[in-house]
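work_6.txt, holding compact mmCIF, C-alpha atoms:
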# COMPACT_ATOMS: atom_id res chain seq x y z
CA MET T 1 52.39 156.91 157.41
CA SER T 2 56.17 156.98 156.97
CA LEU T 3 57.65 157.31 153.53
CA PRO T 4 59.24 154.21 151.97
CA ILE T 5 62.97 153.81 152.43
CA LYS T 6 64.85 154.70 149.25
CA VAL T 7 67.45 152.16 148.12
CA GLY T 8 70.08 152.67 145.43
CA MET T 9 72.20 149.92 143.91
CA VAL T 10 75.74 150.36 142.62
CA ASN T 11 76.67 147.30 140.59
CA LEU T 12 80.29 146.63 139.66
CA GLY T 13 81.98 143.93 137.63
CA CYS T 14 80.76 141.38 135.15
CA PRO T 15 77.30 140.61 133.72
CA LYS T 16 77.01 137.64 136.09
CA ASN T 17 77.26 140.06 139.00
CA GLN T 18 74.65 142.22 137.30
CA VAL T 19 72.13 139.37 137.29
CA ASP T 20 72.75 138.91 141.03
CA ALA T 21 72.11 142.63 141.54
CA GLU T 22 68.89 142.47 139.53
CA MET T 23 67.58 139.62 141.67
CA MET T 24 68.45 141.52 144.86
CA LEU T 25 66.64 144.60 143.52
CA HIS T 26 63.48 142.55 143.01
CA LYS T 27 63.73 141.18 146.57
CA LEU T 28 63.99 144.75 147.87
CA LYS T 29 61.10 146.02 145.75
CA GLU T 30 58.97 143.10 146.89
CA ALA T 31 59.75 143.98 150.51
CA GLY T 32 58.42 147.51 150.05
CA PHE T 33 61.63 149.48 149.55
CA GLU T 34 61.61 152.25 146.94
CA LEU T 35 64.27 151.70 144.26
CA ILE T 36 65.94 154.82 142.87
CA ALA T 37 68.43 155.12 140.03
CA ASP T 38 70.74 157.70 141.65
CA ALA T 39 72.34 155.90 144.58
CA GLY T 40 73.71 159.20 145.89
CA LEU T 41 70.13 160.28 146.69
CA SER T 42 69.19 157.07 148.51
CA ASP T 43 68.66 156.34 152.17
CA ILE T 44 70.53 153.04 151.80
CA VAL T 45 73.09 152.15 149.16
CA VAL T 46 73.89 148.54 148.25
CA ILE T 47 77.31 148.25 146.59
CA ASN T 48 77.49 144.94 144.74
CA THR T 49 81.24 144.56 144.32
CA CYS T 50 83.66 142.73 142.06
CA GLY T 51 86.82 141.16 143.50
CA PHE T 52 88.24 139.41 140.45
CA ILE T 53 91.43 141.38 139.75
CA GLU T 54 93.31 144.22 141.42
CA SER T 55 91.79 147.01 139.32
CA ALA T 56 88.28 145.77 140.11
CA LYS T 57 89.08 145.63 143.82
CA GLN T 58 90.38 149.19 143.77
CA GLU T 59 87.26 150.40 141.97
CA ALA T 60 85.07 148.72 144.59
CA ILE T 61 87.06 150.21 147.48
CA GLU T 62 86.82 153.69 145.95
CA GLN T 63 83.04 153.32 145.64
CA ILE T 64 82.70 152.18 149.25
CA LEU T 65 84.80 155.10 150.50
CA GLU T 66 82.81 157.55 148.39
CA PHE T 67 79.51 156.44 149.94
CA LEU T 68 80.99 156.31 153.44
CA THR T 69 81.86 159.98 152.93
CA LEU T 70 78.23 160.69 152.02
CA LYS T 71 77.16 158.77 155.11
CA GLY T 72 79.52 160.83 157.27
CA GLU T 73 77.96 163.99 155.82
CA GLY T 74 74.50 162.70 156.73
CA ARG T 75 73.35 162.47 153.13
CA ILE T 76 72.70 158.72 153.26
CA LYS T 77 71.94 156.51 156.24
CA LYS T 78 73.35 153.06 155.58
CA VAL T 79 76.04 151.45 153.39
CA ILE T 80 75.74 147.76 152.49
CA VAL T 81 78.55 145.85 150.74
CA THR T 82 77.73 142.66 148.83
CA GLY T 83 79.27 140.67 145.98
CA CYS T 84 82.67 139.14 145.32
CA LEU T 85 84.80 141.59 147.30
CA ALA T 86 82.56 141.11 150.34
CA GLU T 87 82.75 137.33 149.91
CA ARG T 88 86.53 137.34 149.58
CA TYR T 89 87.58 140.07 152.04
CA MET T 90 84.76 140.31 154.58
CA ALA T 91 87.05 140.47 157.62
CA ASP T 92 89.32 143.07 156.01
CA ILE T 93 86.41 145.33 155.06
CA ALA T 94 84.89 144.99 158.51
CA GLU T 95 88.21 145.88 160.18
CA GLU T 96 89.36 148.68 157.87
CA MET T 97 85.93 150.22 157.18
CA PRO T 98 83.92 149.73 160.39
CA GLU T 99 81.46 152.42 159.26
CA VAL T 100 80.06 149.95 156.70
CA ASP T 101 76.74 148.80 158.13
CA ALA T 102 76.65 145.38 156.49
CA VAL T 103 79.21 143.19 154.74
CA VAL T 104 77.56 140.05 153.41
CA GLY T 105 78.78 137.16 151.29
CA ILE T 106 77.12 136.01 148.07
CA GLY T 107 75.31 133.18 149.85
CA CYS T 108 73.25 135.83 151.69
CA ASN T 109 71.91 137.55 148.55
CA GLY T 110 68.51 135.89 148.94
CA ASP T 111 68.10 137.51 152.36
CA ILE T 112 69.05 141.04 151.26
CA ALA T 113 65.71 142.55 152.33
CA GLY T 114 66.05 141.09 155.82
CA ILE T 115 69.61 142.40 156.07
CA LEU T 116 68.49 145.94 155.20
CA LYS T 117 65.75 145.77 157.80
CA GLU T 118 68.30 144.59 160.34
CA VAL T 119 70.66 147.54 159.75
CA LEU T 120 67.73 149.99 159.78
CA ALA T 121 66.96 148.67 163.25
CA GLY T 122 70.50 149.61 164.28
CA GLY T 123 72.27 146.33 163.67
CA ILE T 124 75.77 145.87 162.27
CA VAL T 125 75.85 142.82 159.99
CA ARG T 126 78.88 140.71 159.10
CA ARG T 127 77.50 137.53 157.56
CA SER T 128 78.46 134.76 155.20
CA ALA T 129 76.72 131.59 154.06
CA ASP T 130 77.40 128.60 151.87
CA LYS T 131 78.34 129.87 148.39
CA CYS T 132 75.91 127.36 146.92
CA SER T 133 73.10 129.27 148.67
CA LEU T 134 73.50 132.03 146.07
CA PRO T 135 70.16 132.07 144.21
CA LEU T 136 70.48 130.74 140.65
CA GLU T 137 67.00 131.85 139.65
CA GLY T 138 64.36 134.35 140.63
CA GLU T 139 62.48 137.45 139.55
CA ARG T 140 64.60 140.43 138.51
CA VAL T 141 64.46 144.18 138.07
CA LEU T 142 66.48 144.69 134.90
CA TYR T 143 69.50 146.95 135.26
CA SER T 144 70.00 147.04 131.50
CA LEU T 145 68.04 148.53 128.62
CA PRO T 146 64.56 146.96 128.55
CA PHE T 147 65.09 145.17 125.24
CA SER T 148 68.39 143.43 126.11
CA ALA T 149 68.99 141.14 129.09
CA TYR T 150 71.50 138.66 130.43
CA ILE T 151 70.41 135.20 131.46
CA LYS T 152 72.65 133.22 133.79
CA ILE T 153 72.58 129.48 133.07
CA ALA T 154 75.09 128.33 135.69
CA GLU T 155 77.15 129.57 138.61
CA GLY T 156 80.62 128.80 139.96
CA CYS T 157 83.58 127.21 138.22
CA ASP T 158 85.54 123.95 138.36
CA ASN T 159 88.31 124.91 135.90
CA CYS T 160 90.73 126.16 138.58
CA CYS T 161 92.93 128.20 136.26
CA SER T 162 96.07 129.04 138.23
CA TYR T 163 95.61 132.82 137.98
CA CYS T 164 91.92 132.91 138.90
CA ALA T 165 90.21 133.35 142.27
CA ILE T 166 86.68 132.73 140.98
CA PRO T 167 86.36 129.09 142.21
CA ALA T 168 87.33 130.25 145.70
CA ILE T 169 84.89 133.16 145.56
CA ARG T 170 81.95 131.63 143.71
CA GLY T 171 82.24 127.96 144.57
CA PRO T 172 81.87 124.87 142.37
CA PHE T 173 80.15 124.83 138.98
CA ARG T 174 76.41 124.24 139.17
CA SER T 175 73.95 124.40 136.29
CA ARG T 176 70.36 125.63 136.39
CA PRO T 177 67.69 123.19 135.20
CA MET T 178 66.90 123.81 131.55
CA GLU T 179 63.19 124.26 132.24
CA SER T 180 63.97 127.08 134.66
CA ILE T 181 66.12 128.91 132.12
CA VAL T 182 63.56 128.56 129.33
CA SER T 183 60.78 129.75 131.62
CA GLU T 184 62.75 132.85 132.60
CA ALA T 185 63.61 133.55 128.96
CA GLU T 186 59.92 133.35 128.03
CA LYS T 187 59.06 135.89 130.73
CA LEU T 188 61.83 138.22 129.57
CA ALA T 189 60.66 137.99 125.96
CA ALA T 190 57.07 138.61 126.99
CA GLY T 191 58.31 141.73 128.79
CA GLY T 192 59.90 143.14 125.65
CA VAL T 193 63.41 141.65 125.68
CA LYS T 194 64.63 141.05 122.13
CA GLU T 195 68.28 140.22 122.79
CA LEU T 196 69.18 137.48 125.26
CA VAL T 197 72.83 137.17 126.34
CA VAL T 198 73.66 133.73 127.73
CA ILE T 199 76.25 133.85 130.53
CA ALA T 200 77.99 131.71 133.15
CA GLN T 201 81.58 131.36 134.31
CA ASP T 202 81.81 128.59 131.68
CA THR T 203 78.79 128.41 129.38
CA THR T 204 80.07 125.44 127.37
CA ARG T 205 80.15 123.28 130.50
CA TYR T 206 76.43 123.82 130.98
CA GLY T 207 74.48 120.69 131.86
CA MET T 208 77.38 118.32 132.59
CA ASP T 209 76.67 118.28 136.33
CA LEU T 210 72.89 117.88 135.93
CA TYR T 211 72.54 115.75 132.82
CA GLY T 212 75.92 114.05 132.37
CA SER T 213 76.66 115.75 129.04
CA TYR T 214 77.07 119.21 127.56
CA LYS T 215 73.64 120.74 126.94
CA LEU T 216 74.32 124.28 125.69
CA ALA T 217 73.42 123.34 122.11
CA GLU T 218 70.08 121.86 123.18
CA LEU T 219 69.37 124.87 125.40
CA LEU T 220 69.99 127.27 122.49
CA GLN T 221 67.57 125.30 120.33
CA LYS T 222 64.87 125.66 122.97
CA LEU T 223 65.55 129.37 123.44
CA ALA T 224 65.37 129.91 119.68
CA LYS T 225 61.74 128.74 119.73
CA ILE T 226 60.66 131.60 122.01
CA ASP T 227 58.53 134.24 120.31
CA GLY T 228 59.84 137.78 120.52
CA LEU T 229 63.54 136.99 120.80
CA LYS T 230 65.65 138.13 117.84
CA TRP T 231 69.24 137.61 119.00
CA ILE T 232 70.56 134.96 121.40
CA ARG T 233 74.22 135.61 122.17
CA VAL T 234 76.74 133.33 123.95
CA LEU T 235 79.56 134.64 126.17
CA TYR T 236 82.29 132.88 128.18
CA ALA T 237 82.67 129.73 126.09
CA TYR T 238 85.56 127.54 127.26
CA PRO T 239 87.59 126.61 124.13
CA GLU T 240 88.01 122.89 124.84
CA ARG T 241 84.27 122.39 125.13
CA VAL T 242 83.16 123.98 121.86
CA THR T 243 81.49 120.94 120.28
CA ASP T 244 80.51 120.36 116.67
CA GLU T 245 76.90 120.11 117.87
CA LEU T 246 77.10 123.61 119.35
CA LEU T 247 78.55 125.02 116.14
CA GLU T 248 75.91 123.29 114.03
CA VAL T 249 73.16 124.86 116.15
CA MET T 250 74.78 128.28 115.88
CA ALA T 251 74.94 127.92 112.10
CA ALA T 252 71.39 126.59 111.70
CA GLU T 253 69.36 128.69 114.15
CA GLU T 254 68.58 132.13 112.77
CA LYS T 255 68.03 133.65 116.21
CA VAL T 256 71.36 132.46 117.61
CA ALA T 257 73.80 135.27 116.92
CA LYS T 258 76.79 134.35 114.80
CA TYR T 259 78.97 135.51 117.65
CA LEU T 260 81.08 133.56 120.14
CA ASP T 261 83.08 134.83 123.09
CA LEU T 262 85.99 132.42 123.46
CA PRO T 263 88.51 133.44 126.16
CA ILE T 264 91.76 131.64 125.32
CA GLN T 265 94.12 133.70 127.58
CA HIS T 266 97.31 132.82 125.66
CA CYS T 267 98.58 130.78 122.72
CA ASP T 268 101.87 129.39 124.04
CA GLY T 269 101.61 125.79 125.24
CA GLU T 270 103.98 126.24 128.17
CA ILE T 271 102.18 129.33 129.42
CA LEU T 272 98.79 127.64 129.04
CA LYS T 273 100.05 124.65 130.99
CA ALA T 274 101.24 126.97 133.76
CA MET T 275 97.79 128.54 133.69
CA ASN T 276 96.31 125.05 134.19
CA ARG T 277 94.61 125.32 130.83
CA PRO T 278 94.86 122.78 128.00
CA GLY T 279 95.93 123.45 124.45
CA ASP T 280 98.67 125.15 122.52
CA GLN T 281 99.02 127.32 119.44
CA LYS T 282 98.43 124.42 117.04
CA SER T 283 95.24 123.21 118.75
CA LEU T 284 93.88 126.74 119.11
CA LYS T 285 94.46 127.53 115.46
CA ALA T 286 92.69 124.30 114.53
CA LEU T 287 89.76 125.19 116.79
CA ILE T 288 89.42 128.69 115.35
CA ARG T 289 89.59 127.31 111.82
CA ARG T 290 86.88 124.75 112.67
CA ILE T 291 84.61 127.40 114.17
CA ARG T 292 84.92 129.66 111.15
CA GLU T 293 84.35 126.80 108.72
CA LYS T 294 81.23 125.52 110.50
CA VAL T 295 79.73 128.97 111.19
CA PRO T 296 80.52 131.17 108.18
CA GLY T 297 80.65 134.86 109.01
CA ILE T 298 80.91 134.31 112.76
CA THR T 299 82.26 137.10 114.95
CA LEU T 300 84.93 135.75 117.31
CA ARG T 301 85.81 137.55 120.52
CA THR T 302 88.63 136.47 122.81
CA THR T 303 90.43 137.56 125.97
CA LEU T 304 94.17 137.36 126.59
CA ILE T 305 96.50 137.81 129.56
CA ALA T 306 99.88 139.48 129.05
CA GLY T 307 102.76 139.23 131.49
CA PHE T 308 101.84 135.91 133.12
CA PRO T 309 104.61 134.62 135.43
CA GLY T 310 107.49 133.22 133.38
CA GLU T 311 106.30 134.73 130.08
CA THR T 312 109.49 135.30 128.08
CA LYS T 313 110.01 137.93 125.42
CA ASP T 314 109.84 135.21 122.77
CA GLN T 315 106.55 133.87 124.15
CA PHE T 316 105.14 137.38 124.17
CA LYS T 317 106.25 137.93 120.56
CA LYS T 318 104.50 134.67 119.70
CA LEU T 319 101.32 135.99 121.30
CA CYS T 320 101.48 139.19 119.25
CA GLN T 321 102.02 137.22 116.04
CA PHE T 322 99.09 134.98 116.97
CA VAL T 323 96.85 138.06 117.28
CA ARG T 324 97.97 139.23 113.85
CA ASP T 325 97.50 135.78 112.28
CA MET T 326 94.12 134.90 113.82
CA ARG T 327 92.49 138.27 113.09
CA PHE T 328 89.99 138.07 115.93
CA ASP T 329 86.99 140.30 115.36
CA ARG T 330 86.97 141.43 118.98
CA LEU T 331 89.73 141.10 121.58
CA GLY T 332 90.46 142.28 125.10
CA CYS T 333 93.86 141.97 126.76
CA PHE T 334 94.49 142.26 130.50
CA ALA T 335 97.78 142.75 132.26
CA TYR T 336 98.28 139.75 134.56
CA SER T 337 96.94 140.48 138.05
CA GLU T 338 98.72 138.71 140.92
CA GLU T 339 95.85 137.45 143.05
CA GLU T 340 96.53 136.20 146.56
CA GLY T 341 95.52 132.63 147.20
CA THR T 342 96.00 131.58 143.58
CA ALA T 343 98.68 129.16 142.42
CA ALA T 344 100.10 131.71 139.95
CA ALA T 345 100.77 134.23 142.74
CA GLY T 346 103.39 131.87 144.17
CA MET T 347 105.12 131.12 140.88
CA PRO T 348 108.68 132.23 140.25
CA PHE T 349 109.73 134.72 137.56
CA GLN T 350 106.92 137.21 138.16
CA VAL T 351 106.96 139.80 135.37
CA PRO T 352 107.31 143.38 136.73
CA GLU T 353 103.95 145.17 136.83
CA GLU T 354 105.07 147.95 134.48
CA GLU T 355 106.12 145.37 131.91
CA ARG T 356 102.81 143.50 132.21
CA VAL T 357 100.94 146.72 131.50
CA ARG T 358 103.22 147.56 128.58
CA ARG T 359 102.73 144.13 127.03
CA ALA T 360 98.94 144.37 127.38
CA GLU T 361 99.04 147.75 125.63
CA VAL T 362 101.13 146.32 122.78
CA VAL T 363 98.61 143.51 122.25
CA ALA T 364 95.77 146.06 122.30
CA GLU T 365 97.57 148.08 119.61
CA GLU T 366 97.98 144.97 117.47
CA GLN T 367 94.25 144.29 117.77
CA ASP T 368 93.39 147.90 116.97
CA ASN T 369 95.19 147.45 113.66
CA VAL T 370 93.22 144.27 112.95
CA LEU T 371 89.93 145.92 113.88
CA ALA T 372 90.65 149.02 111.79
CA ARG T 373 91.13 146.86 108.69
CA ARG T 374 87.95 144.89 109.46
CA ASN T 375 85.93 148.08 109.92
CA ASP T 376 87.28 149.56 106.68
CA ALA T 377 85.99 146.45 104.87
CA LEU T 378 82.47 147.16 106.21
CA VAL T 379 82.23 150.59 104.57
CA GLY T 380 79.51 150.43 101.92
CA ARG T 381 77.73 147.49 103.51
CA THR T 382 74.28 147.57 105.11
CA LEU T 383 74.05 146.12 108.63
CA THR T 384 71.12 145.26 110.88
CA VAL T 385 71.41 147.45 113.98
CA LEU T 386 69.58 147.24 117.30
CA VAL T 387 68.83 150.86 118.22
CA GLU T 388 69.94 151.75 121.77
CA GLY T 389 69.46 155.50 121.99
CA TYR T 390 70.27 159.02 120.82
CA ASP T 391 73.60 160.80 121.34
CA ARG T 392 72.77 164.47 122.05
CA TYR T 393 76.36 165.59 121.63
CA GLY T 394 76.93 163.77 118.37
CA GLU T 395 73.39 164.54 117.24
CA CYS T 396 72.94 161.02 115.95
CA TRP T 397 71.48 157.66 116.92
CA PHE T 398 73.53 154.68 118.05
CA GLY T 399 73.16 150.94 118.41
CA ARG T 400 74.86 147.61 117.91
CA SER T 401 75.08 145.02 115.19
CA GLU T 402 74.95 141.26 115.66
CA ALA T 403 78.76 141.45 115.86
CA ASP T 404 78.69 143.60 119.02
CA ALA T 405 77.85 142.41 122.53
CA PRO T 406 76.38 144.94 124.97
CA GLU T 407 78.83 147.00 127.04
CA ILE T 408 82.01 145.25 125.85
CA ASP T 409 82.04 145.84 122.08
CA GLY T 410 81.68 148.90 119.87
CA LYS T 411 78.77 151.00 118.68
CA ILE T 412 77.40 152.02 115.32
CA PHE T 413 76.43 155.70 115.07
CA PHE T 414 73.97 156.76 112.41
CA THR T 415 71.78 159.61 111.23
CA ALA T 416 68.11 159.15 110.40
CA LYS T 417 65.43 161.36 108.85
CA LYS T 418 62.72 159.39 110.60
CA ARG T 419 63.07 158.94 114.37
CA PRO T 420 63.76 155.25 115.19
CA ALA T 421 62.66 153.76 118.49
CA PRO T 422 65.11 152.26 121.01
CA GLY T 423 64.77 148.49 120.78
CA GLN T 424 63.95 148.64 117.08
CA PHE T 425 66.01 146.74 114.50
CA VAL T 426 66.93 148.98 111.57
CA GLN T 427 69.08 148.79 108.45
CA VAL T 428 72.10 151.11 108.49
CA LYS T 429 74.39 151.72 105.53
CA ILE T 430 77.97 152.07 106.80
CA GLU T 431 79.68 155.13 105.36
CA GLU T 432 82.82 155.55 107.45
CA ALA T 433 85.05 153.91 110.03
CA VAL T 434 86.27 156.48 112.57
CA ASP T 435 88.44 155.67 115.60
CA LEU T 436 87.37 152.01 115.52
CA ASP T 437 83.66 152.95 115.50
CA LEU T 438 81.35 152.78 112.50
CA THR T 439 79.11 155.58 111.25
CA GLY T 440 76.33 155.49 108.69
CA THR T 441 72.80 156.41 107.66
CA LEU T 442 69.51 154.66 108.33
CA GLU T 443 68.58 153.07 105.04
CA GLU T 444 65.07 151.83 105.64
CA ASP T 445 62.64 151.14 108.46
CA GLY T 446 63.44 148.04 110.47
CA GLU T 447 61.26 145.77 112.55

Could the structure of this file be written out as structure tokens, please?
Amino acid sequence: MSLPIKVGMVNLGCPKNQVDAEMMLHKLKEAGFELIADAGLSDIVVINTCGFIESAKQEAIEQILEFLTLKGEGRIKKVIVTGCLAERYMADIAEEMPEVDAVVGIGCNGDIAGILKEVLAGGIVRRSADKCSLPLEGERVLYSLPFSAYIKIAEGCDNCCSYCAIPAIRGPFRSRPMESIVSEAEKLAAGGVKELVVIAQDTTRYGMDLYGSYKLAELLQKLAKIDGLKWIRVLYAYPERVTDELLEVMAAEEKVAKYLDLPIQHCDGEILKAMNRPGDQKSLKALIRRIREKVPGITLRTTLIAGFPGETKDQFKKLCQFVRDMRFDRLGCFAYSEEEGTAAAGMPFQVPEEERVRRAEVVAEEQDNVLARRNDALVGRTLTVLVEGYDRYGECWFGRSEADAPEIDGKIFFTAKKRPAPGQFVQVKIEEAVDLDLTGTLEEDGE
């Protein structure tokens, strides 16, 4: 009897892409393929790509070329490219990298096992399907730590921000039925997941297409009733759709993390209008004030874009002052990426790339100053920390607080006399803030 074919997955990009990868992994496992963690030792590698901005595209291309080299050396047999880059640039990949055995769009994810069987039989696959055929639900093989998982509540986007290619890549916004989401969350919790991270391209729009009104608040209430879950975290909340009902649920439900990811992109009204986004500095300040009043102690994360077409020096200075004034707890700033096919790519007064990068770095420095002061204020306090693992080099344990989302926010490093278990919630007394990270000592046994 022949040995099972070994398949390795390389997943790139955002958590939403990760959920897609996890569903494909389950399809492959179900079909009898052997999943291995080290893709370089596989017979077949599936590269689930991101194609959102230029840096992500370059990373994906480098990964593809790296595995094509391994294929040329005879170390792996087949290279499969899926995800956003494949959806967006299928013809280009097929022409410039003919050694790739399969390039398939996101609508083909549900047939990933059949595609692998096809290439193993000698076929060369170049295939796309309706974007809305992308599976919104299904069994998964978790890519993350076993106690923390993402749950995707919707797919696609209708916002059509002028700089963004996501609607063209992922298609229109479409919500999952609430019963389906709750059922999946129950299975995840029963399997040991304690932290659930709610994601979509626009989580606050959830339910409008299915139910005629925003349903994120109601969904969070249902999720909070699930035994085993401790933290329910919300990412990708569109500012204009943060309702009082949502904030009231976040304040009232103990399991809903006092944490909100609120990408605002800029504060200047003219720039936001050019981005095809509503609002201005006054309305954003009012929103942030309302959020903090209704959910005391909330951690606010945001994302900004520096160097958008037409951004003047004065508008950039205004953005920097806004960062200083608003004192976001967490903030990421990207240099504007000129994406073909988007409205912004054709706008006049494109800011030179070097200047975009410089401006993004300046904003990051401003935020580092804010974060350093916030971390200093935490010294002496005791925080609940979800243990993630042990750092052999630092000879200490590490984890995250309620204020830190997986993969995008910081860590808390701590020493402990008694060995804690990954996935355990413990109490850590913060003793020092070093290079924007927090260090401390385990104070008492957690849950």

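Each of T:Gly191, T:Gly394, T:Pro172, T:Gly51 was compared to Glu339 of chain T using all atoms listed in the file, and T:Gly51 turns out to be the nearest.
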
>> For Gly341 of chain T, find every residue with an atom within 10 Å (counting only C-alpha atoms), except residues of its own chain fewer than 2 positions away, and show them as JSON, numbers by chain.
In response: {"T": [162, 163, 164, 165, 168, 338, 339, 343, 344, 345, 346]}

>> Between T:Ile44, T:Met97, T:Ile151, T:Ala102, which residue has the minimum interatomic distance to Val19 of chain T, considering all atoms listed in the file?
In response: T:Ile151

> Leaving out Asp437 of chain T and any residue of its chain fewer than 6 positions from it, which residues lie within 12 Å of it when counting only C-alpha atoms, given as an NGL selection string?
Replying inline: :T and (368 or 371-376 or 378-379 or 398-401 or 404 or 409-414 or 430-431)

Can I get the selected residues back with C-alpha atoms, as a PDB file, in the coordinates of the input?
ATOM      1  CA  ASP T 368      93.390 147.900 116.970  1.00  0.00           C
ATOM      2  CA  LEU T 371      89.930 145.920 113.880  1.00  0.00           C
ATOM      3  CA  ALA T 372      90.650 149.020 111.790  1.00  0.00           C
ATOM      4  CA  ARG T 373      91.130 146.860 108.690  1.00  0.00           C
ATOM      5  CA  ARG T 374      87.950 144.890 109.460  1.00  0.00           C
ATOM      6  CA  ASN T 375      85.930 148.080 109.920  1.00  0.00           C
ATOM      7  CA  ASP T 376      87.280 149.560 106.680  1.00  0.00           C
ATOM      8  CA  LEU T 378      82.470 147.160 106.210  1.00  0.00           C
ATOM      9  CA  VAL T 379      82.230 150.590 104.570  1.00  0.00           C
ATOM     10  CA  PHE T 398      73.530 154.680 118.050  1.00  0.00           C
ATOM     11  CA  GLY T 399      73.160 150.940 118.410  1.00  0.00           C
ATOM     12  CA  ARG T 400      74.860 147.610 117.910  1.00  0.00           C
ATOM     13  CA  SER T 401      75.080 145.020 115.190  1.00  0.00           C
ATOM     14  CA  ASP T 404      78.690 143.600 119.020  1.00  0.00           C
ATOM     15  CA  ASP T 409      82.040 145.840 122.080  1.00  0.00           C
ATOM     16  CA  GLY T 410      81.680 148.900 119.870  1.00  0.00           C
ATOM     17  CA  LYS T 411      78.770 151.000 118.680  1.00  0.00           C
ATOM     18  CA  ILE T 412      77.400 152.020 115.320  1.00  0.00           C
ATOM     19  CA  PHE T 413      76.430 155.700 115.070  1.00  0.00           C
ATOM     20  CA  PHE T 414      73.970 156.760 112.410  1.00  0.00           C
ATOM     21  CA  ILE T 430      77.970 152.070 106.800  1.00  0.00           C
ATOM     22  CA  GLU T 431      79.680 155.130 105.360  1.00  0.00           C
TER      23      GLU T 431
END

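Interatomic distance, atom CA of Ala257 of chain T against atom CA of Ala185 of chain T: 15.9 Å.
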
>> Within 7 Å of (74.7, 136.9, 147.1) in the file's own coordinates, which protein, DNA or RNA residues have an atom, counting all atoms listed in the file? List them as a ChimeraX atom specification.
In response: /T:20,82-83,105-110,134

Deliver the residues from the most recent selection as a file, using C-alpha atoms, as a PDB file, keeping the file's coordinate frame.
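Result file is again-v1.pdb:
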ATOM      1  CA  ASP T  20      72.750 138.910 141.030  1.00  0.00           C
ATOM      2  CA  THR T  82      77.730 142.660 148.830  1.00  0.00           C
ATOM      3  CA  GLY T  83      79.270 140.670 145.980  1.00  0.00           C
ATOM      4  CA  GLY T 105      78.780 137.160 151.290  1.00  0.00           C
ATOM      5  CA  ILE T 106      77.120 136.010 148.070  1.00  0.00           C
ATOM      6  CA  GLY T 107      75.310 133.180 149.850  1.00  0.00           C
ATOM      7  CA  CYS T 108      73.250 135.830 151.690  1.00  0.00           C
ATOM      8  CA  ASN T 109      71.910 137.550 148.550  1.00  0.00           C
ATOM      9  CA  GLY T 110      68.510 135.890 148.940  1.00  0.00           C
ATOM     10  CA  LEU T 134      73.500 132.030 146.070  1.00  0.00           C
TER      11      LEU T 134
END

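Computed from the coordinates, the atom CA of Val7 of chain T to atom CA of Asn48 of chain T distance equals 12.8 Å.
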
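For the pair atom CA of Arg241 of chain T and atom CA of Val323 of chain T, the interatomic distance is 21.6 Å.
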
> At a cut-off of 9 Å from (60.1, 138.0, 137.8) in the coordinates of the file, what residues are picked up using all atoms listed in the file, written as a ChimeraX atom specification?
Replying inline: /T:23,26,138-141,184,187-188

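Compared by their closest atoms to Ala121 of chain T, and using all atoms listed in the file, the residues T:Arg289, T:Lys258, T:Lys152, T:Lys78 rank with T:Lys78 nearest.
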
Within 8 Å of Ala39 of chain T, counting all atoms listed in the file, which residues qualify if same-chain residues fewer than 3 places away don't, as a CSV table (one decimal) with C-alpha atoms, in the frame of the given file?
chain,number,residue,atom,x,y,z
T,7,VAL,CA,67.4,152.2,148.1
T,8,GLY,CA,70.1,152.7,145.4
T,9,MET,CA,72.2,149.9,143.9
T,10,VAL,CA,75.7,150.4,142.6
T,36,ILE,CA,65.9,154.8,142.9
T,42,SER,CA,69.2,157.1,148.5
T,44,ILE,CA,70.5,153.0,151.8
T,45,VAL,CA,73.1,152.2,149.2

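By chain and then residue number, the residues within 12 Å of Lys215 of chain T are Ile153, Ala154, Ser175, Arg176, Pro177, Met178, Thr203, Thr204, Arg205, Tyr206, Gly207, Met208, Asp209, Leu210, Leu220, Gln221, Lys222, Arg241, Val242, Thr243, Glu245, Leu246 and Val249 of chain T, counting all atoms listed in the file and disregarding those fewer than 5 positions away in sequence.
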
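Using all atoms listed in the file, the shortest contact distance between Ser337 of chain T and any of T:Ser128, T:Ser55, T:Thr303, T:Thr49 is found at T:Ser55.
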
Would you mind completing segment 397-401 of chain T so that it carries N, CA, C and O atoms, and writing it out as a compact mmCIF listing (two decimals), keeping the file's coordinate frame?
# COMPACT_ATOMS: atom_id res chain seq x y z
N TRP T 397 71.93 158.85 116.21
CA TRP T 397 71.48 157.66 116.92
C TRP T 397 72.64 156.67 117.03
O TRP T 397 73.64 156.78 116.32
N PHE T 398 72.50 155.71 117.93
CA PHE T 398 73.53 154.68 118.05
C PHE T 398 72.90 153.35 118.41
O PHE T 398 71.79 153.29 118.96
N GLY T 399 73.62 152.29 118.10
CA GLY T 399 73.16 150.94 118.41
C GLY T 399 74.26 149.95 118.16
O GLY T 399 75.44 150.32 118.03
N ARG T 400 73.88 148.69 118.09
CA ARG T 400 74.86 147.61 117.91
C ARG T 400 74.41 146.67 116.81
O ARG T 400 73.21 146.47 116.60
N SER T 401 75.38 146.06 116.16
CA SER T 401 75.08 145.02 115.19
C SER T 401 75.15 143.66 115.88
O SER T 401 75.51 143.56 117.06
